[in-house]
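Undergrad: Following this line is start_3.pdb, made up of PDB, N, CA and C atoms:
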ATOM      1  N   MET B 226      81.966 123.407 130.069  1.00  0.00           N
ATOM      2  CA  MET B 226      80.822 124.284 129.862  1.00  0.00           C
ATOM      3  C   MET B 226      81.086 125.183 128.663  1.00  0.00           C
ATOM      4  N   LYS B 227      80.084 125.349 127.838  1.00  0.00           N
ATOM      5  CA  LYS B 227      80.203 126.136 126.626  1.00  0.00           C
ATOM      6  C   LYS B 227      79.966 127.612 126.935  1.00  0.00           C
ATOM      7  N   GLU B 228      80.823 128.465 126.373  1.00  0.00           N
ATOM      8  CA  GLU B 228      80.630 129.899 126.552  1.00  0.00           C
ATOM      9  C   GLU B 228      79.439 130.371 125.732  1.00  0.00           C
ATOM     10  N   LYS B 229      78.769 131.395 126.223  1.00  0.00           N
ATOM     11  CA  LYS B 229      77.644 131.952 125.488  1.00  0.00           C
ATOM     12  C   LYS B 229      78.138 132.504 124.156  1.00  0.00           C
ATOM     13  N   GLY B 230      77.479 132.101 123.083  1.00  0.00           N
ATOM     14  CA  GLY B 230      77.849 132.582 121.763  1.00  0.00           C
ATOM     15  C   GLY B 230      78.983 131.795 121.129  1.00  0.00           C
ATOM     16  N   ALA B 231      79.546 130.834 121.835  1.00  0.00           N
ATOM     17  CA  ALA B 231      80.629 130.037 121.266  1.00  0.00           C
ATOM     18  C   ALA B 231      80.069 129.073 120.239  1.00  0.00           C
ATOM     19  N   LYS B 232      80.830 128.895 119.161  1.00  0.00           N
ATOM     20  CA  LYS B 232      80.395 128.007 118.096  1.00  0.00           C
ATOM     21  C   LYS B 232      80.984 126.627 118.313  1.00  0.00           C
ATOM     22  N   SER B 233      80.229 125.606 117.935  1.00  0.00           N
ATOM     23  CA  SER B 233      80.777 124.267 117.968  1.00  0.00           C
ATOM     24  C   SER B 233      81.781 124.156 116.831  1.00  0.00           C
ATOM     25  N   PRO B 234      82.720 123.214 116.901  1.00  0.00           N
ATOM     26  CA  PRO B 234      83.734 123.092 115.859  1.00  0.00           C
ATOM     27  C   PRO B 234      83.150 122.875 114.462  1.00  0.00           C
ATOM     28  N   LYS B 235      81.976 122.263 114.358  1.00  0.00           N
ATOM     29  CA  LYS B 235      81.374 121.985 113.061  1.00  0.00           C
ATOM     30  C   LYS B 235      80.593 123.169 112.504  1.00  0.00           C
ATOM     31  N   THR B 236      80.265 124.157 113.347  1.00  0.00           N
ATOM     32  CA  THR B 236      79.488 125.303 112.913  1.00  0.00           C
ATOM     33  C   THR B 236      80.352 126.214 112.062  1.00  0.00           C
ATOM     34  N   LYS B 237      79.838 126.551 110.874  1.00  0.00           N
ATOM     35  CA  LYS B 237      80.552 127.458 109.997  1.00  0.00           C
ATOM     36  C   LYS B 237      79.764 128.742 109.873  1.00  0.00           C
ATOM     37  N   THR B 238      80.481 129.813 109.697  1.00  0.00           N
ATOM     38  CA  THR B 238      79.833 131.113 109.559  1.00  0.00           C
ATOM     39  C   THR B 238      79.270 131.270 108.158  1.00  0.00           C
ATOM     40  N   TYR B 239      78.494 132.318 107.980  1.00  0.00           N
ATOM     41  CA  TYR B 239      77.949 132.635 106.660  1.00  0.00           C
ATOM     42  C   TYR B 239      79.094 132.786 105.662  1.00  0.00           C
ATOM     43  N   ILE B 240      80.118 133.531 106.057  1.00  0.00           N
ATOM     44  CA  ILE B 240      81.216 133.793 105.128  1.00  0.00           C
ATOM     45  C   ILE B 240      81.964 132.507 104.787  1.00  0.00           C
ATOM     46  N   ASP B 241      82.096 131.585 105.739  1.00  0.00           N
ATOM     47  CA  ASP B 241      82.721 130.287 105.457  1.00  0.00           C
ATOM     48  C   ASP B 241      81.923 129.533 104.388  1.00  0.00           C
ATOM     49  N   ASN B 242      80.620 129.495 104.561  1.00  0.00           N
ATOM     50  CA  ASN B 242      79.749 128.804 103.604  1.00  0.00           C
ATOM     51  C   ASN B 242      79.750 129.496 102.248  1.00  0.00           C
ATOM     52  N   TYR B 243      79.708 130.820 102.252  1.00  0.00           N
ATOM     53  CA  TYR B 243      79.712 131.575 101.005  1.00  0.00           C
ATOM     54  C   TYR B 243      81.025 131.347 100.247  1.00  0.00           C
ATOM     55  N   GLN B 244      82.132 131.355 100.976  1.00  0.00           N
ATOM     56  CA  GLN B 244      83.425 131.116 100.346  1.00  0.00           C
ATOM     57  C   GLN B 244      83.495 129.706  99.769  1.00  0.00           C
ATOM     58  N   ARG B 245      82.913 128.744 100.483  1.00  0.00           N
ATOM     59  CA  ARG B 245      82.900 127.363  99.974  1.00  0.00           C
ATOM     60  C   ARG B 245      82.107 127.293  98.671  1.00  0.00           C
ATOM     61  N   LEU B 246      80.978 127.981  98.604  1.00  0.00           N
ATOM     62  CA  LEU B 246      80.197 128.028  97.358  1.00  0.00           C
ATOM     63  C   LEU B 246      81.021 128.616  96.216  1.00  0.00           C
ATOM     64  N   LYS B 247      81.722 129.711  96.490  1.00  0.00           N
ATOM     65  CA  LYS B 247      82.558 130.330  95.463  1.00  0.00           C
ATOM     66  C   LYS B 247      83.672 129.392  95.009  1.00  0.00           C
ATOM     67  N   ASP B 248      84.299 128.709  95.958  1.00  0.00           N
ATOM     68  CA  ASP B 248      85.386 127.778  95.633  1.00  0.00           C
ATOM     69  C   ASP B 248      84.886 126.625  94.763  1.00  0.00           C
ATOM     70  N   ILE B 249      83.740 126.081  95.117  1.00  0.00           N
ATOM     71  CA  ILE B 249      83.176 124.965  94.352  1.00  0.00           C
ATOM     72  C   ILE B 249      82.796 125.421  92.946  1.00  0.00           C
ATOM     73  N   ALA B 250      82.177 126.598  92.837  1.00  0.00           N
ATOM     74  CA  ALA B 250      81.802 127.124  91.521  1.00  0.00           C
ATOM     75  C   ALA B 250      83.040 127.316  90.650  1.00  0.00           C
ATOM     76  N   ALA B 251      84.101 127.853  91.219  1.00  0.00           N
ATOM     77  CA  ALA B 251      85.339 128.061  90.468  1.00  0.00           C
ATOM     78  C   ALA B 251      85.935 126.725  90.036  1.00  0.00           C
ATOM     79  N   ALA B 252      85.929 125.753  90.934  1.00  0.00           N
ATOM     80  CA  ALA B 252      86.475 124.431  90.608  1.00  0.00           C
ATOM     81  C   ALA B 252      85.668 123.774  89.491  1.00  0.00           C
ATOM     82  N   MET B 253      84.353 123.926  89.538  1.00  0.00           N
ATOM     83  CA  MET B 253      83.498 123.328  88.506  1.00  0.00           C
ATOM     84  C   MET B 253      83.726 123.986  87.144  1.00  0.00           C
ATOM     85  N   ARG B 254      83.961 125.293  87.148  1.00  0.00           N
ATOM     86  CA  ARG B 254      84.239 125.991  85.889  1.00  0.00           C
ATOM     87  C   ARG B 254      85.544 125.511  85.261  1.00  0.00           C
ATOM     88  N   ASP B 255      86.496 125.119  86.092  1.00  0.00           N
ATOM     89  CA  ASP B 255      87.825 124.732  85.614  1.00  0.00           C
ATOM     90  C   ASP B 255      87.944 123.261  85.233  1.00  0.00           C
ATOM     91  N   ILE B 256      86.897 122.481  85.418  1.00  0.00           N
ATOM     92  CA  ILE B 256      86.955 121.055  85.113  1.00  0.00           C
ATOM     93  C   ILE B 256      86.769 120.830  83.615  1.00  0.00           C
ATOM     94  N   ASP B 257      87.752 120.190  82.987  1.00  0.00           N
ATOM     95  CA  ASP B 257      87.629 119.842  81.565  1.00  0.00           C
ATOM     96  C   ASP B 257      86.888 118.519  81.405  1.00  0.00           C
ATOM     97  N   GLU B 258      87.334 117.518  82.145  1.00  0.00           N
ATOM     98  CA  GLU B 258      86.697 116.201  82.119  1.00  0.00           C
ATOM     99  C   GLU B 258      86.333 115.844  83.555  1.00  0.00           C
ATOM    100  N   PRO B 259      85.073 116.052  83.912  1.00  0.00           N
ATOM    101  CA  PRO B 259      84.683 115.847  85.316  1.00  0.00           C
ATOM    102  C   PRO B 259      84.737 114.390  85.763  1.00  0.00           C
ATOM    103  N   ASP B 260      85.207 114.220  86.975  1.00  0.00           N
ATOM    104  CA  ASP B 260      85.141 112.931  87.658  1.00  0.00           C
ATOM    105  C   ASP B 260      83.774 112.916  88.332  1.00  0.00           C
ATOM    106  N   ILE B 261      82.873 112.085  87.832  1.00  0.00           N
ATOM    107  CA  ILE B 261      81.488 112.110  88.301  1.00  0.00           C
ATOM    108  C   ILE B 261      81.388 111.875  89.808  1.00  0.00           C
ATOM    109  N   ASP B 262      82.275 111.044  90.348  1.00  0.00           N
ATOM    110  CA  ASP B 262      82.243 110.801  91.796  1.00  0.00           C
ATOM    111  C   ASP B 262      82.595 112.071  92.569  1.00  0.00           C
ATOM    112  N   GLN B 263      83.584 112.795  92.098  1.00  0.00           N
ATOM    113  CA  GLN B 263      83.967 114.049  92.756  1.00  0.00           C
ATOM    114  C   GLN B 263      82.895 115.112  92.541  1.00  0.00           C
ATOM    115  N   LEU B 264      82.271 115.104  91.384  1.00  0.00           N
ATOM    116  CA  LEU B 264      81.215 116.060  91.086  1.00  0.00           C
ATOM    117  C   LEU B 264      80.044 115.900  92.051  1.00  0.00           C
ATOM    118  N   VAL B 265      79.693 114.666  92.352  1.00  0.00           N
ATOM    119  CA  VAL B 265      78.605 114.403  93.307  1.00  0.00           C
ATOM    120  C   VAL B 265      78.956 114.979  94.673  1.00  0.00           C
ATOM    121  N   VAL B 266      80.188 114.781  95.107  1.00  0.00           N
ATOM    122  CA  VAL B 266      80.639 115.311  96.398  1.00  0.00           C
ATOM    123  C   VAL B 266      80.560 116.841  96.394  1.00  0.00           C
ATOM    124  N   MET B 267      81.034 117.448  95.303  1.00  0.00           N
ATOM    125  CA  MET B 267      81.022 118.910  95.204  1.00  0.00           C
ATOM    126  C   MET B 267      79.600 119.468  95.220  1.00  0.00           C
ATOM    127  N   VAL B 268      78.696 118.821  94.506  1.00  0.00           N
ATOM    128  CA  VAL B 268      77.304 119.287  94.478  1.00  0.00           C
ATOM    129  C   VAL B 268      76.677 119.150  95.872  1.00  0.00           C
ATOM    130  N   ASN B 269      76.948 118.054  96.549  1.00  0.00           N
ATOM    131  CA  ASN B 269      76.412 117.873  97.904  1.00  0.00           C
ATOM    132  C   ASN B 269      76.947 118.938  98.860  1.00  0.00           C
ATOM    133  N   GLU B 270      78.244 119.225  98.783  1.00  0.00           N
ATOM    134  CA  GLU B 270      78.838 120.255  99.643  1.00  0.00           C
ATOM    135  C   GLU B 270      78.265 121.634  99.316  1.00  0.00           C
ATOM    136  N   ALA B 271      78.108 121.912  98.027  1.00  0.00           N
ATOM    137  CA  ALA B 271      77.555 123.199  97.620  1.00  0.00           C
ATOM    138  C   ALA B 271      76.116 123.352  98.093  1.00  0.00           C
ATOM    139  N   THR B 272      75.351 122.295  97.996  1.00  0.00           N
ATOM    140  CA  THR B 272      73.957 122.332  98.448  1.00  0.00           C
ATOM    141  C   THR B 272      73.885 122.617  99.942  1.00  0.00           C
ATOM    142  N   GLU B 273      74.726 121.970 100.718  1.00  0.00           N
ATOM    143  CA  GLU B 273      74.754 122.188 102.171  1.00  0.00           C
ATOM    144  C   GLU B 273      75.177 123.624 102.484  1.00  0.00           C
ATOM    145  N   ALA B 274      76.203 124.112 101.812  1.00  0.00           N
ATOM    146  CA  ALA B 274      76.666 125.479 102.037  1.00  0.00           C
ATOM    147  C   ALA B 274      75.567 126.484 101.669  1.00  0.00           C
ATOM    148  N   TYR B 275      74.881 126.230 100.554  1.00  0.00           N
ATOM    149  CA  TYR B 275      73.785 127.108 100.125  1.00  0.00           C
ATOM    150  C   TYR B 275      72.676 127.154 101.183  1.00  0.00           C
ATOM    151  N   LYS B 276      72.286 125.987 101.677  1.00  0.00           N
ATOM    152  CA  LYS B 276      71.230 125.927 102.695  1.00  0.00           C
ATOM    153  C   LYS B 276      71.633 126.701 103.944  1.00  0.00           C
ATOM    154  N   ASN B 277      72.894 126.580 104.344  1.00  0.00           N
ATOM    155  CA  ASN B 277      73.371 127.306 105.520  1.00  0.00           C
ATOM    156  C   ASN B 277      73.353 128.812 105.286  1.00  0.00           C
ATOM    157  N   CYS B 278      73.771 129.249 104.102  1.00  0.00           N
ATOM    158  CA  CYS B 278      73.728 130.676 103.774  1.00  0.00           C
ATOM    159  C   CYS B 278      72.284 131.182 103.783  1.00  0.00           C
ATOM    160  N   GLN B 279      71.401 130.432 103.155  1.00  0.00           N
ATOM    161  CA  GLN B 279      70.000 130.830 103.077  1.00  0.00           C
ATOM    162  C   GLN B 279      69.375 130.935 104.471  1.00  0.00           C
ATOM    163  N   ALA B 280      69.718 130.007 105.344  1.00  0.00           N
ATOM    164  CA  ALA B 280      69.183 130.043 106.705  1.00  0.00           C
ATOM    165  C   ALA B 280      69.665 131.291 107.445  1.00  0.00           C
ATOM    166  N   ARG B 281      70.917 131.672 107.251  1.00  0.00           N
ATOM    167  CA  ARG B 281      71.443 132.868 107.909  1.00  0.00           C
ATOM    168  C   ARG B 281      70.765 134.126 107.359  1.00  0.00           C
ATOM    169  N   ILE B 282      70.564 134.177 106.059  1.00  0.00           N
ATOM    170  CA  ILE B 282      69.891 135.323 105.441  1.00  0.00           C
ATOM    171  C   ILE B 282      68.474 135.440 105.982  1.00  0.00           C
ATOM    172  N   GLU B 283      67.768 134.320 106.057  1.00  0.00           N
ATOM    173  CA  GLU B 283      66.402 134.334 106.587  1.00  0.00           C
ATOM    174  C   GLU B 283      66.373 134.772 108.045  1.00  0.00           C
ATOM    175  N   ALA B 284      67.367 134.364 108.829  1.00  0.00           N
ATOM    176  CA  ALA B 284      67.423 134.765 110.234  1.00  0.00           C
ATOM    177  C   ALA B 284      67.628 136.275 110.360  1.00  0.00           C
ATOM    178  N   VAL B 285      68.474 136.835 109.516  1.00  0.00           N
ATOM    179  CA  VAL B 285      68.701 138.283 109.540  1.00  0.00           C
ATOM    180  C   VAL B 285      67.448 139.024 109.089  1.00  0.00           C
ATOM    181  N   GLU B 286      66.807 138.536 108.035  1.00  0.00           N
ATOM    182  CA  GLU B 286      65.571 139.167 107.570  1.00  0.00           C
ATOM    183  C   GLU B 286      64.507 139.155 108.661  1.00  0.00           C
ATOM    184  N   LYS B 287      64.407 138.036 109.357  1.00  0.00           N
ATOM    185  CA  LYS B 287      63.424 137.928 110.445  1.00  0.00           C
ATOM    186  C   LYS B 287      63.760 138.911 111.556  1.00  0.00           C
ATOM    187  N   ALA B 288      65.032 139.004 111.913  1.00  0.00           N
ATOM    188  CA  ALA B 288      65.456 139.913 112.972  1.00  0.00           C
ATOM    189  C   ALA B 288      65.183 141.371 112.604  1.00  0.00           C
ATOM    190  N   LEU B 289      65.267 141.671 111.319  1.00  0.00           N
ATOM    191  CA  LEU B 289      65.035 143.036 110.857  1.00  0.00           C
ATOM    192  C   LEU B 289      63.575 143.295 110.503  1.00  0.00           C
ATOM    193  N   GLY B 290      62.756 142.268 110.601  1.00  0.00           N
ATOM    194  CA  GLY B 290      61.347 142.417 110.259  1.00  0.00           C
ATOM    195  C   GLY B 290      61.115 142.487 108.765  1.00  0.00           C
ATOM    196  N   LEU B 291      62.023 141.912 107.988  1.00  0.00           N
ATOM    197  CA  LEU B 291      61.924 141.962 106.527  1.00  0.00           C
ATOM    198  C   LEU B 291      61.446 140.662 105.910  1.00  0.00           C
ATOM    199  N   GLU B 292      61.057 139.714 106.732  1.00  0.00           N
ATOM    200  CA  GLU B 292      60.676 138.409 106.192  1.00  0.00           C
ATOM    201  C   GLU B 292      59.477 138.543 105.266  1.00  0.00           C
ATOM    202  N   SER B 293      59.508 137.758 104.183  1.00  0.00           N
ATOM    203  CA  SER B 293      58.405 137.799 103.226  1.00  0.00           C
ATOM    204  C   SER B 293      57.215 137.032 103.783  1.00  0.00           C
ATOM    205  N   LYS B 294      56.040 137.461 103.388  1.00  0.00           N
ATOM    206  CA  LYS B 294      54.815 136.833 103.925  1.00  0.00           C
ATOM    207  C   LYS B 294      54.170 135.957 102.921  1.00  0.00           C
TER     208      LYS B 294
END
So that I can check it, write out the structure of this file as structure tokens.

TA:
Amino acid sequence: MKEKGAKSPKTKTYIDNYQRLKDIAAAMRDIDEPDIDQLVVMVNEATEAYKNCQARIEAVEKALGLESK
């Protein structure tokens, strides 16, 4: 039985996703000759992390009554 508020192993927090975005951005800045296959993976991971961050921000805005109309 799952505890109330317990996260599944795949669930990442906002800060986990934000840190992943920062790590990917730093790695991309440091690439002299990009490996296109790795670049695709990095962009996909960054996109997923961004979507997760955006969803958390929207949830907080909604909870605070700050959602845009």

Undergrad: If we count all atoms listed in the file, what is near stretch 242-256 of chain B at a cut-off of 8 Å, once residues fewer than 2 positions away on the same chain are taken out, given as a list in words?

TA: Lys237, Thr238, Tyr239, Ile240, Glu258, Pro259, Asp260, Met267, Val268, Glu270, Ala271, Thr272, Glu273, Ala274, Tyr275, Asn277 and Cys278 of chain B

Undergrad: What's the separation between atom CA of B:Ile282 and atom CA of B:Asn269, in Å to one decimal place?

TA: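 One can read the atom CA of B:Ile282 to atom CA of B:Asn269 distance as 20.1 Å.
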
Undergrad: So which bits of chain B end up helix (DSSP H, G or I) when you DSSP the backbone, as a ChimeraX atom specification?

TA: /B:239-254,261-289

Undergrad: So what do you get for atom CA of B:Glu292 versus atom CA of B:Lys276, distance-wise?

TA: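 Calculated distance between atom CA of B:Glu292 and atom CA of B:Lys276 is 16.7 Å.
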
Undergrad: Suppose you want the space between atom CA of B:Val266 and atom CA of B:Gln279; what is it in Å?

TA: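 Atom CA of B:Val266 sits 20.0 Å away from atom CA of B:Gln279.
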